[in-house]
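This report concerns only the one structure given below.
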Amino acid sequence: MICVSAIANNLDAALDPRFGRCAYFIILNPENMQFNAIPNSGVEATGGAGIQAAQTIADKGAKTVITGNVGPNAFKALSAAGIEIVTGASGTVREVVEKYKKGQYCKTTAPTVSGHHGSGGRQ
């Protein structure tokens with residue numbers, strides 16, 4: 001199962017570049033594109049959004065996350081859960097998954113933004 005951070009709840013939604021504060025997690029089977037859209041309950045969290053997001057998708061059985069950026073706390077939580085992290089993606093959920101299946105993305109080995117990057121300056 002793959003998780004893509006998205007701004008809406010369908011395969012034609014744009015990828016949301018903020019993992020911990022994305023609007024939706026699209027959890028899907030890349031073979032048949034069957035998906036489940038999960039609203040991100042941590043989108044307005046005052047702290048811990050990345051860790052909460054990582055726990056949510058781990059609980060749903062995702063083995064890979066595709067997003068724009070991932071902060072240090074989310075990176076650590078995802079890595080601890082054994083979830084592959086792919087960053088630098090853009091386009092629709094459908095386009096991103098197709099690129100991933102063709103091997104056009106590489107696994108991320110470190111956080112891509114500092115902590116609290118997507119929080120609008122909140123600490």
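Please note that chains go A, B, ... in the order of the structure tokens, that every chain numbers its residues from 1, and that ligands are numbered from 1 in the order shown.
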Which residues come within 12 Å of A:Tyr105, counting only C-alpha atoms, excluding same-chain residues fewer than 6 positions away, as number ranges by chain?
A: 64-68, 84-90, 95-99
For stretch 55-63 of chain A, list every protein, DNA or RNA residue within 10 Å, evaluated using only C-alpha atoms, and leave out those in the same chain fewer than 5 positions away; present the list as a list in words.
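So the residues in contact are Met1, Ile2, Cys3, Val4, Phe25, Ile26, Ile27, Leu28, Asn29, Asn36, Ile38, Asn40, Ser41, Gly42, Ala49, Gly50, Ala74, Ala77, Leu78, Ala81, Gly82, Ile83, Glu84 and Ile85 of chain A.
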Run DSSP on the backbone and tell me which residues of stretch 60-122 of chain A come out as strand (DSSP E or B); list them as a PyMOL selection string.
chain A and resi 64-66+69+84-86+92+107
Residues within 8 Å of stretch 8-10 of chain A, only C-alpha atoms, excluding chain neighbours under 3 positions, as a list in words:
Ala13, Ala14, Ala23, Tyr24, Phe25, Ile26, Ala37, Ile38, Pro39 and Val93 of chain A
Contacts of A:Pro111 at 9 Å (only C-alpha atoms; same-chain gap of 2+ positions) as a list of chain:residue names:
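Non-adjacent residues within range: A:Asn69, A:Val70, A:Gly71, A:Pro72, A:Asn73, A:Ala74, A:Phe75, A:Lys76, A:Thr108, A:Thr109, A:Val113, A:Ser114.
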Can you tell me, as a compact mmCIF listing (two decimals) with N, CA and C atoms, in the first residue's frame, which residues in chain A count as helix (DSSP H, G or I) by DSSP?
```txt
# COMPACT_ATOMS: atom_id res chain seq x y z
N ALA A 49 2.16 17.19 14.49
CA ALA A 49 1.39 16.79 13.31
C ALA A 49 2.09 15.69 12.50
N GLY A 50 3.39 15.80 12.35
CA GLY A 50 4.13 14.82 11.57
C GLY A 50 4.12 13.44 12.21
N ILE A 51 4.28 13.41 13.52
CA ILE A 51 4.27 12.14 14.24
C ILE A 51 2.88 11.52 14.18
N GLN A 52 1.85 12.34 14.38
CA GLN A 52 0.48 11.86 14.31
C GLN A 52 0.16 11.32 12.91
N ALA A 53 0.62 12.04 11.89
CA ALA A 53 0.39 11.60 10.51
C ALA A 53 1.08 10.27 10.24
N ALA A 54 2.31 10.13 10.71
CA ALA A 54 3.04 8.88 10.52
C ALA A 54 2.31 7.72 11.19
N GLN A 55 1.80 7.93 12.39
CA GLN A 55 1.07 6.88 13.10
C GLN A 55 -0.21 6.50 12.34
N THR A 56 -0.91 7.50 11.83
CA THR A 56 -2.15 7.24 11.09
C THR A 56 -1.89 6.34 9.89
N ILE A 57 -0.90 6.67 9.11
CA ILE A 57 -0.68 5.87 7.90
C ILE A 57 -0.05 4.52 8.21
N ALA A 58 0.75 4.43 9.27
CA ALA A 58 1.28 3.13 9.68
C ALA A 58 0.13 2.21 10.09
N ASP A 59 -0.84 2.77 10.83
CA ASP A 59 -2.00 2.00 11.26
C ASP A 59 -2.82 1.50 10.07
N PRO A 72 11.71 16.50 10.32
CA PRO A 72 12.51 15.54 11.08
C PRO A 72 11.71 14.60 11.99
N ASN A 73 10.67 15.09 12.62
CA ASN A 73 9.88 14.21 13.49
C ASN A 73 9.10 13.18 12.70
N ALA A 74 8.48 13.60 11.61
CA ALA A 74 7.77 12.66 10.75
C ALA A 74 8.74 11.67 10.14
N PHE A 75 9.90 12.16 9.70
CA PHE A 75 10.90 11.27 9.10
C PHE A 75 11.29 10.17 10.09
N LYS A 76 11.56 10.58 11.31
CA LYS A 76 11.96 9.61 12.34
C LYS A 76 10.85 8.60 12.61
N ALA A 77 9.62 9.07 12.74
CA ALA A 77 8.49 8.18 13.03
C ALA A 77 8.21 7.23 11.87
N LEU A 78 8.26 7.74 10.64
CA LEU A 78 8.04 6.89 9.47
C LEU A 78 9.14 5.84 9.35
N SER A 79 10.37 6.27 9.53
CA SER A 79 11.50 5.34 9.44
C SER A 79 11.40 4.26 10.51
N ALA A 80 11.02 4.64 11.72
CA ALA A 80 10.88 3.68 12.81
C ALA A 80 9.80 2.64 12.50
N VAL A 93 -2.39 12.84 -7.59
CA VAL A 93 -2.13 11.57 -6.92
C VAL A 93 -1.89 10.49 -7.98
N ARG A 94 -2.74 10.43 -8.98
CA ARG A 94 -2.63 9.42 -10.04
C ARG A 94 -1.27 9.53 -10.76
N GLU A 95 -0.88 10.76 -11.13
CA GLU A 95 0.40 10.97 -11.83
C GLU A 95 1.59 10.56 -10.97
N VAL A 96 1.54 10.90 -9.71
CA VAL A 96 2.63 10.60 -8.79
C VAL A 96 2.81 9.08 -8.64
N VAL A 97 1.70 8.38 -8.52
CA VAL A 97 1.78 6.92 -8.37
C VAL A 97 2.33 6.29 -9.65
N GLU A 98 1.91 6.77 -10.80
CA GLU A 98 2.43 6.24 -12.07
C GLU A 98 3.94 6.47 -12.18
N LYS A 99 4.40 7.65 -11.80
CA LYS A 99 5.84 7.95 -11.81
C LYS A 99 6.59 7.03 -10.85
N TYR A 100 6.01 6.81 -9.68
CA TYR A 100 6.62 5.92 -8.69
C TYR A 100 6.74 4.50 -9.25
N LYS A 101 5.69 4.02 -9.87
CA LYS A 101 5.69 2.67 -10.43
C LYS A 101 6.74 2.52 -11.53
N HIS A 117 7.89 23.31 9.73
CA HIS A 117 7.89 23.97 8.42
C HIS A 117 6.48 24.27 7.91
N GLY A 118 5.58 23.31 8.02
CA GLY A 118 4.24 23.50 7.46
C GLY A 118 3.24 24.07 8.43
N SER A 119 3.69 24.53 9.59
CA SER A 119 2.75 24.94 10.64
C SER A 119 2.38 26.42 10.58
```
Between atom CA of A:Ala110 and atom CA of A:Glu31, what is the spacing in Å?
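Atom-to-atom, atom CA of A:Glu31 to atom CA of A:Ala110, that is 27.8 Å.
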Nearest candidate to A:Arg21 (options A:Thr46, A:Gln104, A:Thr112, A:Thr92; using only C-alpha atoms):
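Answer, going by the shortest atom-to-atom distance: A:Thr46.
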